[in-house]
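Engineer: Have a look at this one.
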Amino acid sequence: MANEKVAGVGYSKAKKTIEVVVPNGTKTTEIPAIIGGLINGGIIGRLPRGCNTCTSGDHWYIREQLDEVINVDLNTFAAVK
């Protein structure tokens with residue numbers, strides 16, 4: 001059985017943005033603990049950023065994972081299963 005408490009964490013160098021995609025249903029009150037865990041757990045330091053010890057100047061974009069997603073091949077505009 002897959003772990004449903006998994007977040008996707010990424011970084012955009014161009015936008016200096018850390019994106020965190022949390023599972024659907026995550027409560028706003030959980031966000032500080034999630035951010036703290038990502039920073040203190042060393043995850044943020046593994047992202048390809050200029051400064052691995054701080055988030056100064058970086059923007060955070062946190063959103064819930066969507067329930068229904070259709071993946072689309074952009075060459076054919078057909079749904080990918």
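By order in the structure tokens, chains are A, B, ...; within a chain, residues start at 1; ligands start at 1, following the order shown.
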Write out as a PyMOL selection string all residues of chain A that DSSP puts in strand (DSSP E or B) for this structure's backbone.
Structural biologist: chain A and resi 8-12+17-22+59-64+71-73+78-80
Engineer: Measuring between only C-alpha atoms, which one of A:Pro32, A:Tyr61, A:Lys81, A:Glu68 shows the shortest distance to Lys15 in chain A?
Structural biologist: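 Nearest candidate to Lys15 in chain A out of A:Pro32, A:Tyr61, A:Lys81, A:Glu68: A:Tyr61.
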Engineer: Please identify all polymer residues within 8 Å of range 6-13 of chain A, counting only C-alpha atoms, omitting same-chain residues fewer than 5 positions from it, and present them as a list in words.
Structural biologist: Ile18, Glu19, Val20, Val21, Val22, Pro23, Leu47, Pro48 and Arg49 of chain A
Engineer: As a ChimeraX atom specification, please: all residues of chain A that backbone DSSP puts in helix (DSSP H, G or I).
Structural biologist: /A:28-40,44-46
Engineer: Go ahead and write the residues just picked, all heavy atoms, as a tab-separated table (two decimals), in the first residue's frame.
Structural biologist:
```tsv
chain	number	residue	atom	x	y	z
A	28	THR	N	-4.36	23.59	6.79
A	28	THR	CA	-3.49	24.76	6.85
A	28	THR	C	-2.65	24.75	8.13
A	28	THR	O	-1.50	25.18	8.11
A	28	THR	CB	-4.34	26.05	6.78
A	28	THR	OG1	-5.14	25.99	5.60
A	28	THR	CG2	-3.46	27.28	6.73
A	29	THR	N	-3.21	24.25	9.22
A	29	THR	CA	-2.48	24.22	10.48
A	29	THR	C	-1.29	23.26	10.44
A	29	THR	O	-0.41	23.35	11.30
A	29	THR	CB	-3.42	23.81	11.64
A	29	THR	OG1	-4.00	22.53	11.34
A	29	THR	CG2	-4.51	24.84	11.85
A	30	GLU	N	-1.24	22.38	9.46
A	30	GLU	CA	-0.12	21.43	9.32
A	30	GLU	C	1.07	22.03	8.56
A	30	GLU	O	2.17	21.49	8.62
A	30	GLU	CB	-0.58	20.17	8.59
A	30	GLU	CG	-1.65	19.38	9.32
A	30	GLU	CD	-2.14	18.22	8.48
A	30	GLU	OE1	-1.46	17.17	8.50
A	30	GLU	OE2	-3.19	18.36	7.81
A	31	ILE	N	0.84	23.13	7.85
A	31	ILE	CA	1.88	23.70	6.98
A	31	ILE	C	3.14	24.11	7.74
A	31	ILE	O	4.25	23.80	7.29
A	31	ILE	CB	1.30	24.87	6.14
A	31	ILE	CG1	0.17	24.38	5.23
A	31	ILE	CG2	2.40	25.56	5.33
A	31	ILE	CD1	0.54	23.29	4.25
A	32	PRO	N	3.05	24.80	8.89
A	32	PRO	CA	4.30	25.15	9.59
A	32	PRO	C	5.15	23.93	9.96
A	32	PRO	O	6.38	23.97	9.83
A	32	PRO	CB	3.80	25.88	10.85
A	32	PRO	CG	2.48	26.44	10.45
A	32	PRO	CD	1.88	25.40	9.54
A	33	ALA	N	4.52	22.85	10.38
A	33	ALA	CA	5.26	21.64	10.72
A	33	ALA	C	5.89	21.01	9.48
A	33	ALA	O	7.01	20.50	9.53
A	33	ALA	CB	4.35	20.63	11.42
A	34	ILE	N	5.19	21.08	8.36
A	34	ILE	CA	5.72	20.53	7.10
A	34	ILE	C	6.94	21.34	6.67
A	34	ILE	O	7.99	20.77	6.34
A	34	ILE	CB	4.64	20.52	6.00
A	34	ILE	CG1	3.56	19.49	6.34
A	34	ILE	CG2	5.25	20.24	4.63
A	34	ILE	CD1	2.32	19.57	5.47
A	35	ILE	N	6.84	22.65	6.68
A	35	ILE	CA	7.97	23.51	6.30
A	35	ILE	C	9.15	23.28	7.24
A	35	ILE	O	10.29	23.13	6.80
A	35	ILE	CB	7.57	25.00	6.26
A	35	ILE	CG1	6.59	25.24	5.11
A	35	ILE	CG2	8.79	25.89	6.12
A	35	ILE	CD1	5.98	26.62	5.10
A	36	GLY	N	8.88	23.24	8.54
A	36	GLY	CA	9.94	23.00	9.52
A	36	GLY	C	10.62	21.66	9.28
A	36	GLY	O	11.85	21.55	9.34
A	37	GLY	N	9.83	20.64	9.00
A	37	GLY	CA	10.40	19.32	8.73
A	37	GLY	C	11.26	19.30	7.47
A	37	GLY	O	12.30	18.65	7.43
A	38	LEU	N	10.83	20.02	6.44
A	38	LEU	CA	11.61	20.07	5.19
A	38	LEU	C	12.93	20.79	5.40
A	38	LEU	O	13.96	20.38	4.87
A	38	LEU	CB	10.80	20.76	4.09
A	38	LEU	CG	9.55	20.03	3.61
A	38	LEU	CD1	8.77	20.90	2.64
A	38	LEU	CD2	9.91	18.69	2.98
A	39	ILE	N	12.90	21.87	6.19
A	39	ILE	CA	14.13	22.62	6.44
A	39	ILE	C	15.04	21.86	7.40
A	39	ILE	O	16.21	21.61	7.10
A	39	ILE	CB	13.80	24.03	7.00
A	39	ILE	CG1	13.12	24.86	5.91
A	39	ILE	CG2	15.07	24.72	7.49
A	39	ILE	CD1	12.55	26.18	6.41
A	40	ASN	N	14.51	21.45	8.55
A	40	ASN	CA	15.31	20.78	9.56
A	40	ASN	C	15.70	19.36	9.17
A	40	ASN	O	16.70	18.84	9.66
A	40	ASN	CB	14.58	20.78	10.91
A	40	ASN	CG	14.36	22.18	11.42
A	40	ASN	OD1	15.16	23.07	11.19
A	40	ASN	ND2	13.25	22.40	12.12
A	44	ILE	N	15.35	20.65	2.00
A	44	ILE	CA	15.53	21.90	1.27
A	44	ILE	C	16.99	22.07	0.86
A	44	ILE	O	17.29	22.56	-0.23
A	44	ILE	CB	15.03	23.10	2.10
A	44	ILE	CG1	13.53	22.97	2.37
A	44	ILE	CG2	15.35	24.42	1.41
A	44	ILE	CD1	12.66	22.88	1.14
A	45	GLY	N	17.92	21.64	1.70
A	45	GLY	CA	19.35	21.74	1.39
A	45	GLY	C	19.78	20.87	0.22
A	45	GLY	O	20.85	21.08	-0.34
A	46	ARG	N	18.95	19.90	-0.15
A	46	ARG	CA	19.29	19.03	-1.29
A	46	ARG	C	18.83	19.60	-2.62
A	46	ARG	O	19.20	19.08	-3.68
A	46	ARG	CB	18.64	17.66	-1.07
A	46	ARG	CG	19.24	16.94	0.14
A	46	ARG	CD	18.53	15.67	0.47
A	46	ARG	NE	18.54	14.76	-0.67
A	46	ARG	CZ	17.87	13.63	-0.70
A	46	ARG	NH1	17.12	13.27	0.32
A	46	ARG	NH2	17.93	12.84	-1.75
```
Engineer: Take CA of Gly41 in chain A and CA of Asp58 in chain A and report the distance between them in Å, one decimal.
Structural biologist: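 CA of Asp58 in chain A lies at a distance of 17.9 Å from CA of Gly41 in chain A.
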Engineer: Excluding same-chain residues fewer than 3 positions from Asn24 in chain A, what lies within 8 Å of it counting only C-alpha atoms, as a PyMOL selection string?
Structural biologist: chain A and resi 64-67
Engineer: Restricting it to all heavy atoms, dump the selection as a PDB file, in the first residue's frame.
Structural biologist:
```
ATOM      1  N   GLU A  64      -2.196  22.089  -2.671  1.00  0.00           N
ATOM      2  CA  GLU A  64      -2.671  20.720  -2.528  1.00  0.00           C
ATOM      3  C   GLU A  64      -2.601  19.993  -3.864  1.00  0.00           C
ATOM      4  O   GLU A  64      -2.823  20.599  -4.914  1.00  0.00           O
ATOM      5  CB  GLU A  64      -4.137  20.697  -2.080  1.00  0.00           C
ATOM      6  CG  GLU A  64      -4.356  20.803  -0.615  1.00  0.00           C
ATOM      7  CD  GLU A  64      -5.809  20.556  -0.256  1.00  0.00           C
ATOM      8  OE1 GLU A  64      -6.700  21.136  -0.905  1.00  0.00           O
ATOM      9  OE2 GLU A  64      -6.039  19.791   0.678  1.00  0.00           O
ATOM     10  N   GLN A  65      -2.320  18.720  -3.771  1.00  0.00           N
ATOM     11  CA  GLN A  65      -2.370  17.870  -4.958  1.00  0.00           C
ATOM     12  C   GLN A  65      -3.830  17.802  -5.416  1.00  0.00           C
ATOM     13  O   GLN A  65      -4.744  17.724  -4.602  1.00  0.00           O
ATOM     14  CB  GLN A  65      -1.861  16.479  -4.597  1.00  0.00           C
ATOM     15  CG  GLN A  65      -1.768  15.529  -5.748  1.00  0.00           C
ATOM     16  CD  GLN A  65      -1.178  14.200  -5.302  1.00  0.00           C
ATOM     17  OE1 GLN A  65      -1.332  13.791  -4.164  1.00  0.00           O
ATOM     18  NE2 GLN A  65      -0.489  13.557  -6.204  1.00  0.00           N
ATOM     19  N   LEU A  66      -4.043  17.850  -6.694  1.00  0.00           N
ATOM     20  CA  LEU A  66      -5.394  17.827  -7.234  1.00  0.00           C
ATOM     21  C   LEU A  66      -5.951  16.410  -7.251  1.00  0.00           C
ATOM     22  O   LEU A  66      -5.202  15.437  -7.441  1.00  0.00           O
ATOM     23  CB  LEU A  66      -5.409  18.416  -8.638  1.00  0.00           C
ATOM     24  CG  LEU A  66      -4.881  19.846  -8.744  1.00  0.00           C
ATOM     25  CD1 LEU A  66      -4.802  20.277 -10.195  1.00  0.00           C
ATOM     26  CD2 LEU A  66      -5.742  20.795  -7.939  1.00  0.00           C
ATOM     27  N   ASP A  67      -7.260  16.287  -7.045  1.00  0.00           N
ATOM     28  CA  ASP A  67      -7.912  14.971  -7.056  1.00  0.00           C
ATOM     29  C   ASP A  67      -7.923  14.353  -8.451  1.00  0.00           C
ATOM     30  O   ASP A  67      -7.598  13.205  -8.637  1.00  0.00           O
ATOM     31  CB  ASP A  67      -9.365  15.086  -6.578  1.00  0.00           C
ATOM     32  CG  ASP A  67      -9.475  15.173  -5.079  1.00  0.00           C
ATOM     33  OD1 ASP A  67      -8.561  14.718  -4.377  1.00  0.00           O
ATOM     34  OD2 ASP A  67     -10.487  15.702  -4.606  1.00  0.00           O
TER      35      ASP A  67
END
```
Engineer: If you measure from CA of Thr17 in chain A to CA of Thr55 in chain A, what distance in Å do you get, rounded to one decimal?
Structural biologist: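 Interatomic distance, CA of Thr17 in chain A to CA of Thr55 in chain A: 9.6 Å.
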